[in-house]
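Everything on this sheet refers to the single structure shown next.
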Amino acid sequence: CGFIKLLLAPEFNFTGAIPCTYGELASAQTDESESERCRQGRTGTCFLLAGMLMLVSGSRLIIPRLREVEEQFLLQQPTHLLSREGLTLRAEQRQQIRTVPIRWKRAHLIFVSVFLIFPLTLLWEFTYCDFFGENALYFI
């Protein structure tokens, strides 16, 4: 926790010397407000990546691998029955039957989570604008 606080402190800006726009790159002049905007953008990008990594690791915790009984049941099924259920695997790919359903479930969980969180985040950010503050009673 202390390491994160240190990295987010305004005094500790180890990327401050790196230009953020093409104009700064060409002129070698840094504007203080532009430097602060770049720092905030980089911080936001780090939080976005950290959130995505948490989604991936959380999906691994929520959806574990198949149990041995389920694996054996799927391995015993003929190819045409698996194909009818959505598991289209050729005979030489039968060993992937252990990972395909789990991979689909995890990807589906991440996909649904992102598409649920994105509009809610936009709505949350909208509540901070002046237009919402002036017309809050109309939105309620």
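So you can find residues: chains in the structure tokens are A, B, ... in the order shown, residues in each start at 1, and ligands are numbered from 1 in order.
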
Inset, instruction - Name all residues at most 8 Å from A:Ser35 (count only C-alpha atoms; drop same-chain ones fewer than 4 positions away) and give them as JSON, numbers by chain. - result: {"A": [16, 19, 20, 30, 31, 39]}

File dump, residues just selected, N, CA, C and O atoms, as a short mmCIF file (atom, residue, chain, number, x, y, z; two decimals), in the first residue's frame:
data_model
loop_
_atom_site.label_atom_id
_atom_site.label_comp_id
_atom_site.auth_asym_id
_atom_site.auth_seq_id
_atom_site.Cartn_x
_atom_site.Cartn_y
_atom_site.Cartn_z
N GLY A 16 8.06 12.15 -15.78
CA GLY A 16 7.86 13.56 -16.09
C GLY A 16 8.75 14.06 -17.22
O GLY A 16 8.39 15.00 -17.93
N PRO A 19 8.15 13.18 -23.00
CA PRO A 19 7.10 14.01 -23.60
C PRO A 19 5.85 13.18 -23.87
O PRO A 19 5.93 12.00 -24.20
N CYS A 20 4.71 13.84 -23.75
CA CYS A 20 3.44 13.14 -23.89
C CYS A 20 2.75 13.46 -25.21
O CYS A 20 1.92 12.69 -25.68
N THR A 30 8.46 21.69 -22.06
CA THR A 30 7.39 21.02 -21.32
C THR A 30 6.54 22.04 -20.60
O THR A 30 7.05 22.92 -19.91
N ASP A 31 5.27 21.95 -20.80
CA ASP A 31 4.30 22.79 -20.12
C ASP A 31 3.89 22.08 -18.83
O ASP A 31 3.65 20.87 -18.83
N ARG A 39 0.51 12.91 -16.57
CA ARG A 39 0.67 12.10 -15.36
C ARG A 39 -0.66 11.49 -14.94
O ARG A 39 -0.73 10.31 -14.59
#

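Between atom CA of A:Arg103 and atom CA of A:Met52 there is a distance of 16.2 Å.
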
Legend entry - Sel. of alpha helix (DSSP H) residues, stretch 1-84 of chain A, as JSON, numbers by chain: {"A": [2, 3, 4, 5, 6, 7, 8, 22, 23, 24, 25, 26, 27, 32, 33, 34, 35, 36, 37, 38, 39, 40, 41, 42, 43, 44, 45, 46, 47, 48, 49, 50, 51, 52, 53, 54, 55, 56, 57, 58, 59, 60, 61, 62, 68, 69, 70, 71, 72, 73, 74, 75, 76, 79, 80, 81, 82, 83, 84]}

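Take atom CA of A:Gly51 and atom CA of A:Val114: the distance between them is 10.2 Å.
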
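Atom CA of A:Leu109 is positioned 9.0 Å from atom CA of A:Ile63.
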
Legend entry - Within 10 Å of A:Ser59 using only C-alpha atoms, minus same-chain residues under 2 positions, as a list in words: Leu53, Met54, Leu55, Val56, Ser57, Leu61, Ile62, Ile63, Pro64, Ile102, Arg103, Lys105, Arg106, Ala107, His108, Leu109 and Ile110 of chain A

Residue subset to file, keeping C-alpha atoms, as an mmCIF file, in the first residue's frame:
data_model
loop_
_atom_site.group_PDB
_atom_site.id
_atom_site.type_symbol
_atom_site.label_atom_id
_atom_site.label_comp_id
_atom_site.auth_asym_id
_atom_site.auth_seq_id
_atom_site.Cartn_x
_atom_site.Cartn_y
_atom_site.Cartn_z
ATOM 1 C CA LEU A 53 -5.736 -8.024 -14.534
ATOM 2 C CA MET A 54 -8.019 -8.294 -11.504
ATOM 3 C CA LEU A 55 -10.889 -9.348 -13.779
ATOM 4 C CA VAL A 56 -8.760 -12.087 -15.323
ATOM 5 C CA SER A 57 -7.454 -13.392 -11.999
ATOM 6 C CA LEU A 61 -10.927 -17.936 -8.937
ATOM 7 C CA ILE A 62 -14.661 -17.864 -9.634
ATOM 8 C CA ILE A 63 -14.579 -20.449 -12.440
ATOM 9 C CA PRO A 64 -12.161 -23.244 -11.540
ATOM 10 C CA ILE A 102 -13.573 -23.288 -18.951
ATOM 11 C CA ARG A 103 -11.980 -20.822 -21.347
ATOM 12 C CA LYS A 105 -16.932 -19.458 -19.272
ATOM 13 C CA ARG A 106 -14.084 -17.216 -18.139
ATOM 14 C CA ALA A 107 -14.153 -15.141 -21.329
ATOM 15 C CA HIS A 108 -17.922 -14.793 -21.061
ATOM 16 C CA LEU A 109 -17.636 -13.640 -17.432
ATOM 17 C CA ILE A 110 -15.054 -10.999 -18.368
#

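With only C-alpha atoms as the atoms that count, the residue of A:Ile97, A:Leu82, A:Leu137, A:Leu48 with the shortest distance to A:Phe118 is A:Leu48.
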
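Remark: for A:Thr21, the closest of the candidate residues A:Gly41, A:Gly133, A:Gly58, A:Pro101 is A:Gly41 (distances computed over only C-alpha atoms).
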